[in-house]
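Dropping start.cif in here (mmCIF, C-alpha atoms):
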```
data_target
#
loop_
_atom_site.group_PDB
_atom_site.id
_atom_site.type_symbol
_atom_site.label_atom_id
_atom_site.label_comp_id
_atom_site.auth_asym_id
_atom_site.auth_seq_id
_atom_site.Cartn_x
_atom_site.Cartn_y
_atom_site.Cartn_z
ATOM 1 C CA MET A 727 33.188 -20.767 33.547
ATOM 2 C CA LYS A 728 34.199 -17.518 31.915
ATOM 3 C CA ASP A 729 37.520 -18.667 30.479
ATOM 4 C CA ARG A 730 36.670 -21.729 28.408
ATOM 5 C CA SER A 731 40.241 -22.437 27.308
ATOM 6 C CA PHE A 732 41.064 -24.166 30.627
ATOM 7 C CA TRP A 733 39.014 -25.593 33.459
ATOM 8 C CA ILE A 734 39.703 -28.092 36.255
ATOM 9 C CA LEU A 735 37.338 -29.374 38.917
ATOM 10 C CA LYS A 736 37.013 -32.080 41.537
ATOM 11 C CA GLN A 737 33.610 -33.664 42.157
ATOM 12 C CA LYS A 738 32.264 -36.256 44.557
ATOM 13 C CA PHE A 739 28.965 -38.089 43.955
ATOM 14 C CA ASN A 740 26.960 -39.946 46.593
ATOM 15 C CA GLN A 741 23.962 -40.483 44.345
ATOM 16 C CA SER A 742 23.294 -41.763 40.850
ATOM 17 C CA TYR A 743 24.817 -39.640 38.076
ATOM 18 C CA GLU A 744 24.418 -40.085 34.323
ATOM 19 C CA MET A 745 26.182 -37.764 31.884
ATOM 20 C CA GLU A 746 24.124 -35.970 29.258
ATOM 21 C CA SER A 747 24.044 -38.322 26.279
ATOM 22 C CA ARG A 748 24.727 -35.898 23.430
ATOM 23 C CA HIS A 749 28.236 -35.103 24.488
ATOM 24 C CA TYR A 750 31.295 -34.078 22.528
ATOM 25 C CA HIS A 751 33.263 -30.847 22.500
ATOM 26 C CA ASN A 752 36.137 -29.112 20.725
ATOM 27 C CA HIS A 753 38.559 -29.261 23.641
ATOM 28 C CA TYR A 754 40.677 -31.969 25.254
ATOM 29 C CA GLU A 755 39.527 -33.696 28.426
ATOM 30 C CA LEU A 756 41.354 -35.655 31.143
ATOM 31 C CA TYR A 757 39.187 -37.655 33.523
ATOM 32 C CA TYR A 758 40.862 -39.196 36.597
ATOM 33 C CA LEU A 759 38.874 -41.415 38.959
ATOM 34 C CA LEU A 760 39.994 -40.879 42.552
ATOM 35 C CA SER A 761 37.593 -43.428 44.033
ATOM 36 C CA GLY A 762 34.750 -45.709 43.018
ATOM 37 C CA GLU A 763 34.080 -47.187 39.585
ATOM 38 C CA ARG A 764 32.316 -46.056 36.398
ATOM 39 C CA ASN A 765 31.404 -47.239 32.928
ATOM 40 C CA TYR A 766 32.886 -44.999 30.247
ATOM 41 C CA PHE A 767 32.224 -45.107 26.513
ATOM 42 C CA VAL A 768 34.546 -43.136 24.201
ATOM 43 C CA LYS A 769 34.207 -42.974 20.415
ATOM 44 C CA ASP A 770 33.606 -46.687 19.756
ATOM 45 C CA ARG A 771 34.824 -48.457 22.893
ATOM 46 C CA SER A 772 33.412 -49.142 26.344
ATOM 47 C CA TYR A 773 35.603 -49.174 29.449
ATOM 48 C CA HIS A 774 34.939 -50.263 33.021
ATOM 49 C CA ILE A 775 37.121 -47.908 35.031
ATOM 50 C CA ARG A 776 38.096 -47.999 38.691
ATOM 51 C CA SER A 777 40.012 -45.894 41.190
ATOM 52 C CA GLY A 778 43.359 -44.801 39.738
ATOM 53 C CA ASP A 779 42.299 -45.073 36.080
ATOM 54 C CA LEU A 780 42.700 -42.186 33.666
ATOM 55 C CA ILE A 781 40.541 -41.459 30.611
ATOM 56 C CA LEU A 782 41.983 -39.293 27.814
ATOM 57 C CA ILE A 783 39.405 -37.775 25.462
ATOM 58 C CA ASN A 784 40.427 -36.168 22.177
ATOM 59 C CA LYS A 785 38.685 -33.184 20.625
ATOM 60 C CA ASN A 786 35.221 -34.015 19.257
ATOM 61 C CA ASP A 787 35.227 -37.631 20.425
ATOM 62 C CA LEU A 788 31.764 -38.820 21.468
ATOM 63 C CA HIS A 789 31.782 -39.945 25.091
ATOM 64 C CA HIS A 790 29.425 -40.897 27.886
ATOM 65 C CA THR A 791 29.866 -42.010 31.499
ATOM 66 C CA SER A 792 27.347 -43.966 33.535
ATOM 67 C CA ASN A 793 26.909 -45.818 36.822
ATOM 68 C CA ALA A 794 28.776 -49.061 37.362
ATOM 69 C CA ASN A 795 28.153 -51.408 40.301
ATOM 70 C CA ASP A 796 28.117 -48.569 42.833
ATOM 71 C CA TYR A 797 27.312 -44.932 42.045
ATOM 72 C CA HIS A 798 29.573 -43.472 44.769
ATOM 73 C CA HIS A 799 32.638 -41.976 43.103
ATOM 74 C CA GLU A 800 35.039 -39.030 43.126
ATOM 75 C CA LYS A 801 36.805 -37.603 40.093
ATOM 76 C CA ILE A 802 39.058 -34.826 38.822
ATOM 77 C CA MET A 803 38.427 -33.472 35.325
ATOM 78 C CA ILE A 804 40.500 -31.100 33.208
ATOM 79 C CA TYR A 805 39.220 -29.408 30.061
ATOM 80 C CA PHE A 806 41.529 -27.334 27.898
ATOM 81 C CA LYS A 807 41.988 -26.074 24.368
ATOM 82 C CA GLU A 808 45.315 -26.392 22.579
ATOM 83 C CA GLU A 809 45.723 -22.608 22.283
ATOM 84 C CA TYR A 810 45.933 -22.455 26.093
ATOM 85 C CA ILE A 811 49.506 -23.779 26.076
ATOM 86 C CA LYS A 812 50.572 -23.931 22.424
ATOM 87 C CA ASN A 813 52.657 -20.731 22.607
ATOM 88 C CA LEU A 814 54.768 -21.883 25.549
ATOM 89 C CA PHE A 815 57.175 -23.898 23.401
ATOM 90 C CA ASN A 816 57.705 -24.633 19.723
ATOM 91 C CA TRP A 817 54.701 -26.102 17.918
ATOM 92 C CA GLU A 818 56.380 -29.448 17.139
ATOM 93 C CA MET A 819 56.934 -30.032 20.861
ATOM 94 C CA MET A 820 53.323 -29.189 21.680
ATOM 95 C CA ILE A 821 51.996 -31.520 18.977
ATOM 96 C CA ASP A 822 54.133 -34.235 20.544
ATOM 97 C CA LEU A 823 52.459 -33.603 23.921
ATOM 98 C CA PHE A 824 48.958 -33.591 22.443
ATOM 99 C CA SER A 825 49.704 -37.024 20.962
ATOM 100 C CA VAL A 826 48.723 -38.608 24.302
ATOM 101 C CA PHE A 827 45.120 -38.083 23.173
ATOM 102 C CA ASN A 828 45.718 -40.266 20.091
ATOM 103 C CA HIS A 829 46.735 -43.321 22.088
ATOM 104 C CA LYS A 830 45.196 -46.598 20.914
ATOM 105 C CA SER A 831 43.274 -46.882 24.186
ATOM 106 C CA ASN A 832 41.447 -43.972 25.828
ATOM 107 C CA MET A 833 41.915 -45.593 29.221
ATOM 108 C CA ILE A 834 45.259 -45.703 31.006
ATOM 109 C CA ARG A 835 45.414 -48.085 33.966
ATOM 110 C CA LEU A 836 48.118 -46.588 36.170
ATOM 111 C CA ASN A 837 50.257 -48.619 38.538
ATOM 112 C CA ILE A 838 50.407 -47.531 42.193
ATOM 113 C CA ALA A 839 53.558 -45.432 41.782
ATOM 114 C CA ASN A 840 52.184 -43.578 38.778
ATOM 115 C CA GLN A 841 48.834 -43.082 40.503
ATOM 116 C CA GLU A 842 50.650 -41.211 43.273
ATOM 117 C CA ILE A 843 52.568 -39.083 40.773
ATOM 118 C CA VAL A 844 49.491 -38.198 38.692
ATOM 119 C CA GLU A 845 47.303 -37.503 41.734
ATOM 120 C CA GLU A 846 49.934 -35.194 43.200
ATOM 121 C CA LEU A 847 50.202 -33.255 39.920
ATOM 122 C CA LEU A 848 46.412 -33.023 39.594
ATOM 123 C CA LEU A 849 45.864 -31.849 43.180
ATOM 124 C CA LYS A 850 48.597 -29.222 42.851
ATOM 125 C CA LEU A 851 47.060 -28.042 39.603
ATOM 126 C CA LEU A 852 43.642 -27.900 41.257
ATOM 127 C CA ALA A 853 45.001 -25.822 44.166
ATOM 128 C CA GLU A 854 46.834 -23.445 41.809
ATOM 129 C CA TYR A 855 43.697 -23.021 39.696
ATOM 130 C CA SER A 856 41.683 -22.175 42.827
ATOM 131 C CA ASP A 857 44.300 -19.573 43.850
ATOM 132 C CA TYR A 858 44.297 -18.138 40.324
ATOM 133 C CA GLN A 859 40.505 -17.774 40.374
ATOM 134 C CA LYS A 860 40.674 -15.888 43.690
ATOM 135 C CA VAL A 861 43.398 -13.520 42.473
ATOM 136 C CA LEU A 862 41.564 -12.978 39.197
ATOM 137 C CA LYS A 863 38.332 -12.183 41.041
ATOM 138 C CA ASP A 864 40.119 -9.687 43.321
ATOM 139 C CA HIS A 865 41.662 -8.048 40.253
ATOM 140 C CA GLN A 866 38.332 -7.839 38.412
ATOM 141 C CA ASN A 867 36.504 -6.468 41.469
ATOM 142 C CA ASN A 868 39.121 -3.774 42.043
ATOM 143 C CA ILE A 869 37.725 -0.505 40.710
ATOM 144 C CA VAL A 870 41.156 1.098 40.465
ATOM 145 C CA GLU A 871 43.674 -0.725 38.282
ATOM 146 C CA ASN A 872 46.007 -2.560 40.643
ATOM 147 C CA GLU A 873 49.322 -3.488 39.033
ATOM 148 C CA LEU A 874 50.227 -5.897 41.823
ATOM 149 C CA LEU A 875 46.995 -7.879 41.389
ATOM 150 C CA LYS A 876 47.388 -7.823 37.609
ATOM 151 C CA GLU A 877 50.949 -9.112 37.870
ATOM 152 C CA ALA A 878 49.889 -11.791 40.384
ATOM 153 C CA SER A 879 47.109 -13.076 38.097
ATOM 154 C CA GLN A 880 49.455 -13.198 35.098
ATOM 155 C CA ARG A 881 52.057 -15.057 37.143
ATOM 156 C CA LYS A 882 49.453 -17.575 38.340
ATOM 157 C CA LEU A 883 48.192 -18.043 34.781
ATOM 158 C CA PHE A 884 51.711 -18.739 33.499
ATOM 159 C CA HIS A 885 52.300 -21.214 36.335
ATOM 160 C CA LEU A 886 49.059 -23.049 35.478
ATOM 161 C CA LYS A 887 50.177 -23.456 31.883
ATOM 162 C CA ILE A 888 53.571 -24.794 32.975
ATOM 163 C CA MET A 889 51.908 -27.261 35.380
ATOM 164 C CA LEU A 890 49.514 -28.512 32.693
ATOM 165 C CA THR A 891 52.431 -28.988 30.304
ATOM 166 C CA GLU A 892 54.313 -30.907 33.006
ATOM 167 C CA LEU A 893 51.290 -33.174 33.486
ATOM 168 C CA LEU A 894 51.008 -33.899 29.754
ATOM 169 C CA TYR A 895 54.733 -34.598 29.531
ATOM 170 C CA LYS A 896 54.506 -37.019 32.471
ATOM 171 C CA LEU A 897 51.510 -38.780 30.923
ATOM 172 C CA LYS A 898 53.420 -39.170 27.674
ATOM 173 C CA GLU A 899 56.251 -40.866 29.565
ATOM 174 C CA ILE A 900 53.810 -43.104 31.469
ATOM 175 C CA ILE A 901 52.004 -44.184 28.300
ATOM 176 C CA LYS A 902 55.311 -45.026 26.629
ATOM 177 C CA ASP A 903 56.406 -47.212 29.550
ATOM 178 C CA GLU A 904 53.108 -48.657 30.731
ATOM 179 C CA SER A 905 50.836 -49.054 27.712
ATOM 180 C CA ALA A 906 49.237 -52.451 27.252
ATOM 181 C CA ASP A 907 46.901 -53.937 24.684
ATOM 182 C CA PHE A 908 43.297 -53.025 25.400
ATOM 183 C CA MET A 909 41.057 -55.897 26.441
ATOM 184 C CA HIS A 910 37.254 -55.674 26.498
ATOM 185 C CA SER A 911 35.647 -56.586 29.807
ATOM 186 C CA ASN A 912 33.483 -59.257 28.126
ATOM 187 C CA PRO A 913 32.497 -60.524 24.630
ATOM 188 C CA LEU A 914 29.292 -58.437 24.540
ATOM 189 C CA HIS A 915 31.249 -55.210 25.095
ATOM 190 C CA LYS A 916 33.549 -56.194 22.244
ATOM 191 C CA THR A 917 30.552 -56.804 19.974
ATOM 192 C CA ILE A 918 29.048 -53.413 20.848
ATOM 193 C CA SER A 919 32.426 -51.766 20.149
ATOM 194 C CA ASP A 920 32.545 -53.585 16.804
ATOM 195 C CA ILE A 921 29.069 -52.271 15.984
ATOM 196 C CA ALA A 922 30.103 -48.721 16.895
ATOM 197 C CA GLY A 923 33.216 -49.142 14.743
ATOM 198 C CA TYR A 924 31.077 -50.391 11.867
ATOM 199 C CA ILE A 925 28.866 -47.288 12.139
ATOM 200 C CA ASN A 926 31.946 -45.036 12.176
ATOM 201 C CA LYS A 927 33.179 -46.635 8.939
ATOM 202 C CA ASN A 928 29.824 -46.816 7.134
ATOM 203 C CA TYR A 929 27.880 -43.770 8.377
ATOM 204 C CA GLN A 930 27.650 -42.367 4.817
ATOM 205 C CA HIS A 931 25.524 -45.351 3.746
ATOM 206 C CA GLU A 932 22.030 -46.325 4.812
ATOM 207 C CA ILE A 933 22.263 -48.234 8.100
ATOM 208 C CA ARG A 934 19.161 -50.002 9.399
ATOM 209 C CA LEU A 935 18.720 -51.857 12.680
ATOM 210 C CA ASN A 936 17.758 -55.125 10.987
ATOM 211 C CA ASP A 937 20.834 -54.960 8.744
ATOM 212 C CA LEU A 938 23.082 -54.451 11.789
ATOM 213 C CA ALA A 939 21.372 -57.341 13.573
ATOM 214 C CA ASP A 940 22.010 -59.611 10.582
ATOM 215 C CA GLU A 941 25.608 -58.403 10.215
ATOM 216 C CA PHE A 942 26.413 -59.213 13.857
ATOM 217 C CA SER A 943 24.073 -62.213 14.270
ATOM 218 C CA LEU A 944 21.988 -60.638 17.031
ATOM 219 C CA ASN A 945 18.304 -60.167 17.679
ATOM 220 C CA SER A 946 17.417 -56.583 16.664
ATOM 221 C CA CYS A 947 15.629 -55.732 19.943
ATOM 222 C CA TYR A 948 18.481 -57.184 21.994
ATOM 223 C CA LEU A 949 21.063 -55.274 19.928
ATOM 224 C CA SER A 950 19.190 -51.994 20.329
ATOM 225 C CA SER A 951 18.749 -52.459 24.082
ATOM 226 C CA LYS A 952 22.358 -53.495 24.802
ATOM 227 C CA PHE A 953 23.839 -50.756 22.600
ATOM 228 C CA LYS A 954 21.963 -48.143 24.637
ATOM 229 C CA GLU A 955 22.863 -49.819 27.935
ATOM 230 C CA ILE A 956 26.600 -50.021 27.214
ATOM 231 C CA THR A 957 27.240 -46.834 25.227
ATOM 232 C CA GLY A 958 24.638 -44.484 26.691
ATOM 233 C CA PHE A 959 23.446 -43.660 23.152
ATOM 234 C CA SER A 960 20.533 -45.085 21.219
ATOM 235 C CA LEU A 961 21.604 -46.463 17.840
ATOM 236 C CA ILE A 962 19.911 -43.673 15.892
ATOM 237 C CA GLU A 963 21.326 -41.010 18.218
ATOM 238 C CA TYR A 964 24.843 -42.399 17.829
ATOM 239 C CA LEU A 965 24.488 -42.596 14.034
ATOM 240 C CA ASN A 966 23.109 -39.049 13.848
ATOM 241 C CA LEU A 967 25.909 -37.675 16.038
ATOM 242 C CA ILE A 968 28.588 -39.354 13.912
ATOM 243 C CA ARG A 969 27.012 -37.952 10.732
ATOM 244 C CA LEU A 970 26.613 -34.470 12.219
ATOM 245 C CA LYS A 971 30.205 -34.434 13.444
ATOM 246 C CA LYS A 972 31.420 -35.229 9.910
ATOM 247 C CA ALA A 973 29.009 -32.645 8.466
ATOM 248 C CA LYS A 974 30.428 -29.964 10.772
ATOM 249 C CA GLU A 975 33.951 -30.748 9.577
ATOM 250 C CA LEU A 976 32.846 -30.315 5.959
ATOM 251 C CA LEU A 977 30.905 -27.128 6.718
ATOM 252 C CA ILE A 978 34.025 -25.621 8.284
ATOM 253 C CA ASN A 979 36.718 -26.943 5.963
ATOM 254 C CA SER A 980 35.120 -27.290 2.525
ATOM 255 C CA LYS A 981 33.176 -25.292 -0.038
ATOM 256 C CA LEU A 982 30.720 -28.111 -0.729
ATOM 257 C CA SER A 983 27.078 -27.090 -0.821
ATOM 258 C CA ILE A 984 24.952 -27.994 2.187
ATOM 259 C CA THR A 985 22.907 -30.297 -0.048
ATOM 260 C CA LYS A 986 26.072 -32.151 -1.097
ATOM 261 C CA ILE A 987 27.298 -32.349 2.480
ATOM 262 C CA SER A 988 23.998 -33.819 3.681
ATOM 263 C CA GLU A 989 24.241 -36.521 0.992
ATOM 264 C CA LYS A 990 27.921 -37.163 1.681
ATOM 265 C CA VAL A 991 27.352 -37.909 5.377
ATOM 266 C CA GLY A 992 24.390 -40.231 4.808
ATOM 267 C CA PHE A 993 21.173 -38.213 5.075
ATOM 268 C CA ASN A 994 18.549 -39.120 2.493
ATOM 269 C CA THR A 995 17.021 -35.643 2.201
ATOM 270 C CA LEU A 996 18.157 -32.090 2.840
ATOM 271 C CA SER A 997 15.079 -31.389 4.954
ATOM 272 C CA HIS A 998 15.851 -34.349 7.246
ATOM 273 C CA PHE A 999 19.472 -33.198 7.592
ATOM 274 C CA GLY A 1000 18.370 -29.643 8.349
ATOM 275 C CA ARG A 1001 15.901 -30.766 11.005
ATOM 276 C CA ILE A 1002 18.384 -33.079 12.760
ATOM 277 C CA PHE A 1003 21.222 -30.522 12.558
ATOM 278 C CA LYS A 1004 19.093 -27.843 14.196
ATOM 279 C CA GLN A 1005 17.779 -30.279 16.791
ATOM 280 C CA TYR A 1006 21.279 -31.097 18.024
ATOM 281 C CA ASN A 1007 22.969 -27.711 17.532
ATOM 282 C CA ASN A 1008 20.214 -25.116 18.066
ATOM 283 C CA LEU A 1009 21.077 -23.379 14.793
ATOM 284 C CA SER A 1010 20.889 -24.128 11.093
ATOM 285 C CA ALA A 1011 23.757 -25.645 9.093
ATOM 286 C CA SER A 1012 24.066 -22.418 7.063
ATOM 287 C CA ASN A 1013 24.379 -20.301 10.210
ATOM 288 C CA TYR A 1014 26.882 -22.760 11.673
ATOM 289 C CA ARG A 1015 28.996 -22.404 8.517
ATOM 290 C CA LYS A 1016 28.854 -18.590 8.690
ATOM 291 C CA LEU A 1017 30.072 -18.611 12.281
ATOM 292 C CA ASN A 1018 32.815 -21.225 11.874
ATOM 293 C CA SER A 1019 33.948 -21.509 8.261
ATOM 294 C CA LYS A 1020 37.693 -21.454 7.579
ATOM 295 C CA MET A 1021 37.251 -21.230 3.797
#
```
For this file, produce the structure as structure tokens.
Amino acid sequence: MKDRSFWILKQKFNQSYEMESRHYHNHYELYYLLSGERNYFVKDRSYHIRSGDLILINKNDLHHTSNANDYHHEKIMIYFKEEYIKNLFNWEMMIDLFSVFNHKSNMIRLNIANQEIVEELLLKLLAEYSDYQKVLKDHQNNIVENELLKEASQRKLFHLKIMLTELLYKLKEIIKDESADFMHSNPLHKTISDIAGYINKNYQHEIRLNDLADEFSLNSCYLSSKFKEITGFSLIEYLNLIRLKKAKELLINSKLSITKISEKVGFNTLSHFGRIFKQYNNLSASNYRKLNSKM
């Protein structure tokens, strides 16, 4: 996609599909399951989702989806950055809309009436996005500047932003009226979520498999196997991603030295930090800071 501030697509799978494990991004994501069922892990919780369920993913939240009982499924996904719609209204109102991504549960189980409302909004948004792409392509392929095509693409773009805002507003109302306490599908899933939560809170310290096994009264091999099965991440991959995510925040928003940052997020040596950072990001920490620093 050329414009990475907004993207919507509908996909249908009739064969096994596993998301790339190392997955988080700096935009918001809405994932709506039209049919089938999936396992979805977000941040530190696992969800078994079915037709009519909605997953809301905040910026930079680790997530992974995998096959459930049957791999046949159909979904609609929206990706967008806050700057896509933030200038439509006052900033306080937009922050209020973005708050849907801070809900205590990433999964919203919609009732039948709300499923119909959300699906209708999503399908209309999908159709409008398709029309916008066609108009935009015609405009870009036109050698001579065509004011009518330019005006049509701008009008379609504005309408897309309004429709996305309407969807977020509706979701905010649904969450307010329909939210329920999250329940894990079984005790093992709760334990794995607890382990992920423990890693999120203690990533800056040394965390070893045997220590985790003792902490949660599990066999170390069993813990390692089930963590991978349920979350889609190996324990070391999950720990590294949490540490790297925190390191990126410090590289962007602080003046701490890279050595200090590596220590602060739990790496024992600078060389180990540098190797892992480059492995996951395809560039060094110093180059990442140069490209993204806000200081």
Straight-line distance linking atom CA of Leu848 of chain A with atom CA of Ser911 of chain A, stated in Å to one decimal:
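Separation of atom CA of Leu848 of chain A and atom CA of Ser911 of chain A: 27.7 Å.
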State, in Å with one decimal place, the distance from atom CA of Ser919 of chain A to atom CA of Ser772 of chain A.
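Computing the Euclidean distance for atom CA of Ser919 of chain A and atom CA of Ser772 of chain A yields 6.8 Å.
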Select all residues near (39.0, -28.0, 8.1) (cut-off 12 Å, inclusive, file coordinates), counting all atoms listed in the file, and output them as a list of chain:residue names.
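The requested residues, written out, are A:Lys972, A:Ala973, A:Lys974, A:Glu975, A:Leu976, A:Leu977, A:Ile978, A:Asn979, A:Ser980, A:Lys981, A:Arg1015, A:Asn1018, A:Ser1019, A:Lys1020, A:Met1021.
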Neighbours of Tyr773 of chain A within 9 Å (only C-alpha atoms; same-chain residues fewer than 2 positions away dropped), as a ChimeraX atom specification?
/A:764-768,771,775,832-833,910-911,915
Could you name the residues that touch Ser1010 of chain A at 7 Å or less, counting all atoms listed in the file, but leaving out those on the same chain fewer than 6 positions away, as a PyMOL selection string?
chain A and resi 1000+1003-1004
Identify, on the basis of only C-alpha atoms, every residue whose closest approach to Tyr858 of chain A does not exceed 10 Å; exclude the query and any residue fewer than 3 positions from it along the same chain; express the result as a list in words.
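Returned residues: Leu852, Ala853, Glu854, Tyr855, Val861, Leu862, Lys863, Asp864, Ala878, Ser879, Gln880, Arg881, Lys882, Leu883, His885 and Leu886 of chain A.
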Could you tell me how far atom CA of Met745 of chain A sits from atom CA of Leu938 of chain A, in Å to one decimal place?
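A separation of 26.3 Å between them.
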Looking at A:Ser946, A:Asn1007, A:Ser792, A:Asn912, which one is nearest to Tyr750 of chain A, with distances taken over only C-alpha atoms?
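Once distances to Tyr750 of chain A are computed over only C-alpha atoms, the minimum belongs to A:Asn1007.
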Can you pull out the residues contacting Thr985 of chain A? Cut-off 9 Å, using only C-alpha atoms, and skip same-chain residues under 2 positions away; I want them as a PyMOL selection string.
chain A and resi 982-983+987-990+995-996+999
So that I can see what lies close to Leu849 of chain A, please list as a list in words the residues with an atom at most 12 Å from it, counting all atoms listed in the file and leaving out residues fewer than 2 positions away in the same chain.
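The neighbour list is Ile734, Leu735, Lys736, Tyr758, Leu760, Lys801, Ile802, Met803, Ile804, Gln841, Glu842, Ile843, Val844, Glu845, Glu846, Leu847, Leu851, Leu852, Ala853, Glu854, Tyr855, Ser856, Met889, Leu890 and Leu893 of chain A.
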Got a sec to resolve the PyMOL selection byres ((chain A and resi 923-928) around 12) on this structure and send the residues as a ChimeraX atom specification?
/A:768-772,787-788,916-922,929-935,937-938,941-942,961-972,990-992
Pick from A:Ser742, A:Asn945, A:Asn813, A:Gln1005, whichever lies nearest to Ala794 of chain A using only C-alpha atoms
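Counting only C-alpha atoms, the residue closest to Ala794 of chain A is A:Ser742.
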A:Thr891, A:Leu949, A:Asp940, A:Asn994: which is nearest Leu914 of chain A, counting all atoms listed in the file?
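Using all atoms listed in the file, the shortest distance to Leu914 of chain A belongs to A:Leu949.
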Work out where the centre of an axis-aligned box around every listed atom of segment 918-923 of chain A lies and how long its edges are once 4 Å is added on each side; give both in Å to one decimal as AutoDock Vina command-line options.
```
--center_x 31.1 --center_y -51.2 --center_z 17.8 --size_x 12.2 --size_y 12.9 --size_z 14.1
```
